[in-house]
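These notes concern the structure reproduced below.
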Amino acid sequence: MSLEKMRRSYKKCFGLIGISGLLLLLVPLFNTWKPGPSSAFNIGPRQRGWGATENSWRKFLERKTQDSISDYHNISYHIKEDVACRLTKNACVCEADEETFQMPFSNLLFPRVYAHNVSLAFLKSHPDPEGVKRHRAQEYSSFQRRSYISADNLIIAEANSPLQYPVQGVAVRPLKTIIIPGLGLKEEAKSTHTVSLTAELGIFDVAAVVDSVSVVGVGEKNMMLSSRLLSALNRQLQFVTYTNTVFHPRTADTVQFATEGHRSLFSIKVGHTPVPKLYNSGYQTDFDMSALVTIVTKTFLRYDKLKDLIDSIRQYYPNITIVIADDNQHPQPVTGPHIEHFSMPFGKGWFAGRNLAVSQVTTKYVLWVDDDFLFTENTKLEKMVDILEETTLDLVGGAVREVTGYTATYRHTISVEEGGEEGDCLHIRLGYHHEIQGFPNCVVADAVINFFMARTDKVQQVGFNPQLARRGHLEFFIDALGSLHIGSCSDIIINHASKIKLPWSKTQSHKAYEKFRYSSSSAEAYVHNEVFYFKNRFKCMTSQ
């Protein structure tokens, strides 16, 4: 599903004069109905649709608890069906809702879940399906090797261990030395107390020597410390050092700390401290929008709309910089104060234009708008800046108001479930996660509408896939999953220029735009399936 598809459906609906009365009745309903955080998820009996029988649930729970240290498999238990349903929702299964009834606008009022088999759609049109499957598997294996760190490993601490050690928070820069904090041994007195340390990516030493303590293996990956006096051994453990010996900018070492009959594991993060990227916006106590925000847009065959957008911006923000990416075949000059106009090769595309525009931003925040939007008194950029300054959000979307009065936020939640060798499952649902305390009308989501403000460096890190030339929106937010913290505020509103055109009033430019923009082809569908199947490694997806 994409924003453009929604626009086409609204155009068809609102362009029919004969049903205008019905639309006037529906608009208040659309404006008042807002899907809540749980409206998109069903954790009830429907989950049995993929075979969630008593026996399958037992197998599922046994598999999930097999990493437990102790063996209690002979102890009987009773399954709580409601909780088991929530657990099994994590399975990689793509199911569509059954269509129960049909009525006008039923999908707008009661959104259904659609399913798409990405693997089948892509592989059936590929000349060498087995070859591309092998190539994807090789690329994924390489990706796993690059992204894996030992800190991702599950570590379970045994009960009543005499060993004291740091659970988390130990870090060292590559090829540097630290004292390992918190090491200790708590046990009854005996003839000799002994502990050992083992590492994979570094060596051990001691920063000071304590009398009556034997230290063997100094400067090696394995070091043993022993003493007849427990107090002396614990004092010596306070001076144990770790030196990283294998350079990597971001990884982790798993250290084994052991004594007789007991073994513990903990991680030491190895990596450079991230270098901050700060923006000098001046010393004003009030927000200076021109110093904080740059507005970016992409235009194609709609210079009339672009001019209206610029005029509306200047009415409220006369000094803010506007960056325009233009891939028209015959570019027209777009001039004026604080305007940066960049021409691109003809038809280079939607996401390529976004990349170009965002790459030229030097302010702390970037505001994305479509070239047919219009600023109004409700387009309060100050509120967007405020929420980004006061929260951990990286991106905040607003709302787009159509000429009919319908206002959309296009809030979605996105999740990915592991699916094994065949690929993962992508699930997209209407709705949001929760409200944001202190900011009425604002919520946390995973995707928002094409009107958003974001931290410039974070958007540049995610980027926009230039393969998507004519249509694309949610693809950016899918790539941003796990990287961007996203919000949406329904009371920050921008208007959408009317798309209702009578056939005899359309200009040649407008007709050319519609032909280029809305025509679909098998090649375009292939690109979208390829992006999901190969680049994102999905086997299927469901969406509303």
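Just remember, in the structure tokens the first chain shown is A, the second B, etc., residues are 1-based per chain, and ligands are 1-based in the order shown.
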
If you run DSSP on this backbone, which residues of segment 70-264 of chain A come out as alpha helix (DSSP H), and could you give them as number ranges by chain?
A: 81-88, 106-109, 118-123, 129-147, 230-237

Among segment 323-512 of chain A, which ones does DSSP place in strand (DSSP E), written as a PyMOL selection string?
chain A and resi 323-326+339-343+365-368+373-374+395-401+407-408+412-417+424-430+434-435+442-445+452-455+486-496

May I have a table of the residues of segment 273-356 of chain A lying at most 6 Å from segment 367-379 of chain A, giving each one's closest pair of atoms and their distance in Å to one decimal, counting only C-alpha atoms, ordered by chain and ascending residue number, as a Markdown table?
```
| residue | atom | partner | partner_atom | distance |
| --- | --- | --- | --- | --- |
| A:Ile295 | CA | A:Leu367 | CA | 4.7 |
| A:Val296 | CA | A:Trp368 | CA | 5.2 |
| A:Thr297 | CA | A:Val369 | CA | 5.5 |
| A:Thr299 | CA | A:Asp371 | CA | 5.8 |
| A:Lys305 | CA | A:Asp372 | CA | 5.0 |
| A:Leu306 | CA | A:Asp371 | CA | 5.1 |
| A:Leu309 | CA | A:Leu374 | CA | 5.1 |
| A:Ser312 | CA | A:Phe375 | CA | 5.1 |
| A:Ile313 | CA | A:Phe375 | CA | 5.7 |
```

List as a tab-separated table (two decimals) with N, CA and C atoms, in the first residue's frame the protein and nucleic acid residues near Ala447 of chain A, meaning an atom at most 10 Å away when only C-alpha atoms are counted, but skip any in the same chain fewer than 3 places from it.
```
chain	number	residue	atom	x	y	z
A	395	LEU	N	11.88	11.77	14.00
A	395	LEU	CA	11.02	12.22	12.90
A	395	LEU	C	9.61	12.38	13.42
A	396	VAL	N	8.94	13.45	13.01
A	396	VAL	CA	7.55	13.66	13.40
A	396	VAL	C	6.75	14.08	12.18
A	397	GLY	N	5.65	13.39	11.94
A	397	GLY	CA	4.78	13.70	10.81
A	397	GLY	C	3.60	14.55	11.25
A	409	THR	N	-3.43	11.25	8.41
A	409	THR	CA	-2.12	11.18	9.04
A	409	THR	C	-1.32	9.98	8.55
A	410	TYR	N	-2.00	9.00	7.96
A	410	TYR	CA	-1.37	7.82	7.37
A	410	TYR	C	-0.46	7.11	8.37
A	411	ARG	N	-0.93	7.02	9.62
A	411	ARG	CA	-0.14	6.35	10.65
A	411	ARG	C	-0.17	4.85	10.46
A	412	HIS	N	0.99	4.24	10.56
A	412	HIS	CA	1.09	2.79	10.45
A	412	HIS	C	2.07	2.25	11.49
A	413	THR	N	1.84	1.02	11.86
A	413	THR	CA	2.84	0.27	12.61
A	413	THR	C	3.43	-0.78	11.67
A	414	ILE	N	4.71	-1.07	11.85
A	414	ILE	CA	5.42	-2.02	11.00
A	414	ILE	C	6.14	-3.01	11.89
A	428	ILE	N	2.26	-4.73	8.03
A	428	ILE	CA	1.97	-3.29	8.08
A	428	ILE	C	0.51	-3.11	8.47
A	429	ARG	N	0.27	-2.31	9.50
A	429	ARG	CA	-1.10	-2.11	9.99
A	429	ARG	C	-1.38	-0.63	10.21
A	430	LEU	N	-2.63	-0.25	9.98
A	430	LEU	CA	-3.05	1.10	10.33
A	430	LEU	C	-3.03	1.26	11.85
A	431	GLY	N	-2.63	2.43	12.32
A	431	GLY	CA	-2.67	2.68	13.76
A	431	GLY	C	-1.35	3.21	14.28
A	432	TYR	N	-1.20	3.16	15.59
A	432	TYR	CA	-0.01	3.69	16.25
A	432	TYR	C	0.23	2.89	17.52
A	444	VAL	N	3.18	7.81	18.90
A	444	VAL	CA	4.36	7.12	18.35
A	444	VAL	C	3.89	6.09	17.34
A	450	ASN	N	3.42	11.92	3.99
A	450	ASN	CA	4.47	12.60	3.24
A	450	ASN	C	4.69	14.05	3.67
A	473	HIS	N	6.84	5.09	-0.68
A	473	HIS	CA	6.67	5.87	0.55
A	473	HIS	C	7.00	5.01	1.76
A	474	LEU	N	6.19	3.97	1.98
A	474	LEU	CA	6.42	3.11	3.13
A	474	LEU	C	7.78	2.42	3.06
A	475	GLU	N	8.34	2.29	1.86
A	475	GLU	CA	9.64	1.63	1.73
A	475	GLU	C	10.72	2.34	2.54
A	476	PHE	N	10.65	3.68	2.61
A	476	PHE	CA	11.61	4.43	3.43
A	476	PHE	C	11.47	4.07	4.90
A	477	PHE	N	10.23	3.98	5.37
A	477	PHE	CA	10.00	3.68	6.78
A	477	PHE	C	10.33	2.22	7.12
A	478	ILE	N	10.19	1.33	6.14
A	478	ILE	CA	10.62	-0.05	6.34
A	478	ILE	C	12.14	-0.10	6.52
A	480	ALA	N	13.87	2.26	7.65
A	480	ALA	CA	14.19	2.99	8.88
A	480	ALA	C	13.81	2.23	10.13
A	481	LEU	N	13.14	1.07	9.98
A	481	LEU	CA	12.70	0.31	11.15
A	481	LEU	C	13.90	-0.08	12.01
A	484	LEU	N	14.97	4.74	13.28
A	484	LEU	CA	14.32	6.01	13.55
A	484	LEU	C	13.19	5.84	14.56
A	485	HIS	N	13.13	6.78	15.51
A	485	HIS	CA	12.04	6.87	16.48
A	485	HIS	C	11.05	7.88	15.92
A	486	ILE	N	9.84	7.46	15.62
A	486	ILE	CA	8.93	8.23	14.79
A	486	ILE	C	7.65	8.60	15.54
A	487	GLY	N	7.20	9.82	15.34
A	487	GLY	CA	5.96	10.29	15.93
A	487	GLY	C	5.06	10.92	14.89
A	488	SER	N	3.83	11.22	15.30
A	488	SER	CA	2.85	11.83	14.40
A	488	SER	C	1.93	12.72	15.21
```

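The space between atom CA of Ala291 of chain A and atom CA of Ala325 of chain A spans 20.8 Å.
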
Just checking: using only C-alpha atoms, which residue out of A:Leu388, A:Leu233, A:Met289, A:Ile493 ends up closest to Thr363 of chain A?
A:Met289

Would you mind listing what lies within 9 Å of segment 533-538 of chain A as an MDAnalysis selection string, with only C-alpha atoms counted and same-chain residues fewer than 5 positions away left out?
chainID A and resid 118:119 122:123 132:133 136 140 416 419 422:426 478:479 528

Pull all heavy atoms from the residues just selected and write them as a short mmCIF file (atom, residue, chain, number, x, y, z; two decimals), in the first residue's frame.
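Everything below was put into part.cif:
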```cif
data_model
loop_
_atom_site.label_atom_id
_atom_site.label_comp_id
_atom_site.auth_asym_id
_atom_site.auth_seq_id
_atom_site.Cartn_x
_atom_site.Cartn_y
_atom_site.Cartn_z
N VAL A 118 5.65 -12.36 -1.58
CA VAL A 118 6.74 -11.69 -2.28
C VAL A 118 7.62 -12.69 -3.02
O VAL A 118 8.02 -12.47 -4.16
CB VAL A 118 7.58 -10.86 -1.29
CG1 VAL A 118 8.76 -10.21 -1.98
CG2 VAL A 118 6.71 -9.79 -0.62
N SER A 119 7.92 -13.80 -2.36
CA SER A 119 8.78 -14.82 -2.98
C SER A 119 8.19 -15.31 -4.29
O SER A 119 8.87 -15.37 -5.32
CB SER A 119 8.99 -15.99 -2.02
OG SER A 119 9.68 -15.59 -0.87
N PHE A 122 8.09 -12.54 -7.08
CA PHE A 122 9.39 -12.20 -7.66
C PHE A 122 10.00 -13.37 -8.42
O PHE A 122 10.48 -13.21 -9.55
CB PHE A 122 10.34 -11.73 -6.56
CG PHE A 122 11.73 -11.45 -7.05
CD1 PHE A 122 11.98 -10.33 -7.83
CD2 PHE A 122 12.78 -12.29 -6.74
CE1 PHE A 122 13.27 -10.06 -8.30
CE2 PHE A 122 14.06 -12.04 -7.20
CZ PHE A 122 14.31 -10.92 -7.98
N LEU A 123 10.01 -14.55 -7.80
CA LEU A 123 10.71 -15.68 -8.41
C LEU A 123 10.06 -16.16 -9.69
O LEU A 123 10.74 -16.62 -10.61
CB LEU A 123 10.81 -16.83 -7.40
CG LEU A 123 11.68 -16.55 -6.17
CD1 LEU A 123 11.61 -17.71 -5.20
CD2 LEU A 123 13.13 -16.29 -6.59
N VAL A 132 19.05 -16.86 -8.10
CA VAL A 132 18.88 -15.65 -7.30
C VAL A 132 18.61 -16.01 -5.84
O VAL A 132 18.99 -15.26 -4.93
CB VAL A 132 17.74 -14.78 -7.88
CG1 VAL A 132 16.36 -15.35 -7.57
CG2 VAL A 132 17.85 -13.34 -7.35
N LYS A 133 17.98 -17.15 -5.58
CA LYS A 133 17.80 -17.61 -4.19
C LYS A 133 19.14 -17.89 -3.54
O LYS A 133 19.39 -17.50 -2.38
CB LYS A 133 16.92 -18.86 -4.16
CG LYS A 133 15.44 -18.59 -4.40
CD LYS A 133 14.65 -19.87 -4.54
CE LYS A 133 14.57 -20.64 -3.24
NZ LYS A 133 13.69 -21.83 -3.37
N ARG A 136 20.92 -14.56 -2.88
CA ARG A 136 20.36 -13.87 -1.73
C ARG A 136 20.85 -14.51 -0.43
O ARG A 136 21.19 -13.81 0.53
CB ARG A 136 18.83 -13.87 -1.76
CG ARG A 136 18.20 -13.06 -0.65
CD ARG A 136 16.68 -13.09 -0.67
NE ARG A 136 16.13 -14.33 -0.16
CZ ARG A 136 14.91 -14.46 0.36
NH1 ARG A 136 14.12 -13.42 0.43
NH2 ARG A 136 14.47 -15.63 0.78
N TYR A 140 22.95 -12.60 2.45
CA TYR A 140 22.44 -12.54 3.82
C TYR A 140 23.45 -13.09 4.80
O TYR A 140 23.64 -12.55 5.89
CB TYR A 140 21.13 -13.32 3.92
CG TYR A 140 20.50 -13.26 5.30
CD1 TYR A 140 20.11 -12.05 5.86
CD2 TYR A 140 20.29 -14.43 6.03
CE1 TYR A 140 19.54 -12.00 7.12
CE2 TYR A 140 19.72 -14.38 7.30
CZ TYR A 140 19.36 -13.16 7.84
OH TYR A 140 18.80 -13.11 9.08
N VAL A 416 8.42 -6.97 11.72
CA VAL A 416 9.04 -8.03 10.92
C VAL A 416 9.23 -9.25 11.80
O VAL A 416 9.77 -9.15 12.90
CB VAL A 416 10.40 -7.57 10.35
CG1 VAL A 416 11.08 -8.72 9.61
CG2 VAL A 416 10.22 -6.37 9.43
N GLY A 419 11.53 -15.61 9.66
CA GLY A 419 10.89 -16.67 8.89
C GLY A 419 11.80 -17.77 8.42
O GLY A 419 11.41 -18.58 7.59
N GLU A 422 13.72 -19.10 4.09
CA GLU A 422 12.94 -18.56 2.97
C GLU A 422 12.76 -17.06 3.05
O GLU A 422 12.34 -16.43 2.08
CB GLU A 422 11.57 -19.24 2.92
CG GLU A 422 11.62 -20.73 2.61
CD GLU A 422 12.28 -21.00 1.26
OE1 GLU A 422 11.96 -20.28 0.30
OE2 GLU A 422 13.13 -21.91 1.19
N GLY A 423 13.09 -16.46 4.18
CA GLY A 423 12.91 -15.02 4.34
C GLY A 423 11.96 -14.71 5.48
O GLY A 423 11.35 -15.60 6.08
N ASP A 424 11.81 -13.43 5.78
CA ASP A 424 11.00 -12.97 6.91
C ASP A 424 9.63 -12.48 6.44
O ASP A 424 9.37 -12.34 5.25
CB ASP A 424 11.73 -11.86 7.66
CG ASP A 424 13.07 -12.32 8.23
OD1 ASP A 424 13.18 -13.52 8.55
OD2 ASP A 424 13.99 -11.49 8.33
N CYS A 425 8.78 -12.21 7.41
CA CYS A 425 7.42 -11.72 7.13
C CYS A 425 7.31 -10.25 7.55
O CYS A 425 7.69 -9.88 8.66
CB CYS A 425 6.39 -12.54 7.91
SG CYS A 425 6.27 -14.27 7.39
N LEU A 426 6.78 -9.45 6.65
CA LEU A 426 6.56 -8.04 6.90
C LEU A 426 5.08 -7.80 7.16
O LEU A 426 4.23 -8.24 6.38
CB LEU A 426 7.01 -7.22 5.69
CG LEU A 426 6.65 -5.72 5.68
CD1 LEU A 426 7.42 -4.99 6.78
CD2 LEU A 426 6.94 -5.11 4.32
N ILE A 478 10.19 1.33 6.14
CA ILE A 478 10.62 -0.05 6.34
C ILE A 478 12.14 -0.10 6.52
O ILE A 478 12.66 -0.77 7.42
CB ILE A 478 10.16 -0.93 5.17
CG1 ILE A 478 8.64 -1.06 5.17
CG2 ILE A 478 10.80 -2.32 5.24
CD1 ILE A 478 8.07 -1.68 3.91
N ASP A 479 12.86 0.64 5.67
CA ASP A 479 14.32 0.70 5.82
C ASP A 479 14.72 1.36 7.13
O ASP A 479 15.79 1.06 7.68
CB ASP A 479 14.93 1.49 4.65
CG ASP A 479 14.92 0.71 3.35
OD1 ASP A 479 14.74 -0.53 3.39
OD2 ASP A 479 15.10 1.33 2.29
N HIS A 528 9.55 -3.47 -7.36
CA HIS A 528 9.05 -3.47 -5.98
C HIS A 528 9.19 -4.86 -5.36
O HIS A 528 9.60 -4.99 -4.20
CB HIS A 528 7.59 -3.02 -5.95
CG HIS A 528 7.43 -1.53 -5.96
ND1 HIS A 528 7.24 -0.80 -4.83
CD2 HIS A 528 7.44 -0.64 -6.99
CE1 HIS A 528 7.14 0.49 -5.13
NE2 HIS A 528 7.25 0.61 -6.44
#
```

Could you check how far atom CA of Gly353 of chain A sits from atom CA of Val448 of chain A, in Å to one decimal?
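According to the coordinates, atom CA of Gly353 of chain A and atom CA of Val448 of chain A are separated by 19.2 Å.
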
Residue among A:Thr243, A:Ser264, A:Ser231, A:Ser142 lying closest to Thr177 of chain A, counting only C-alpha atoms
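Looking at the shortest contact to Thr177 of chain A, the residue is A:Thr243.
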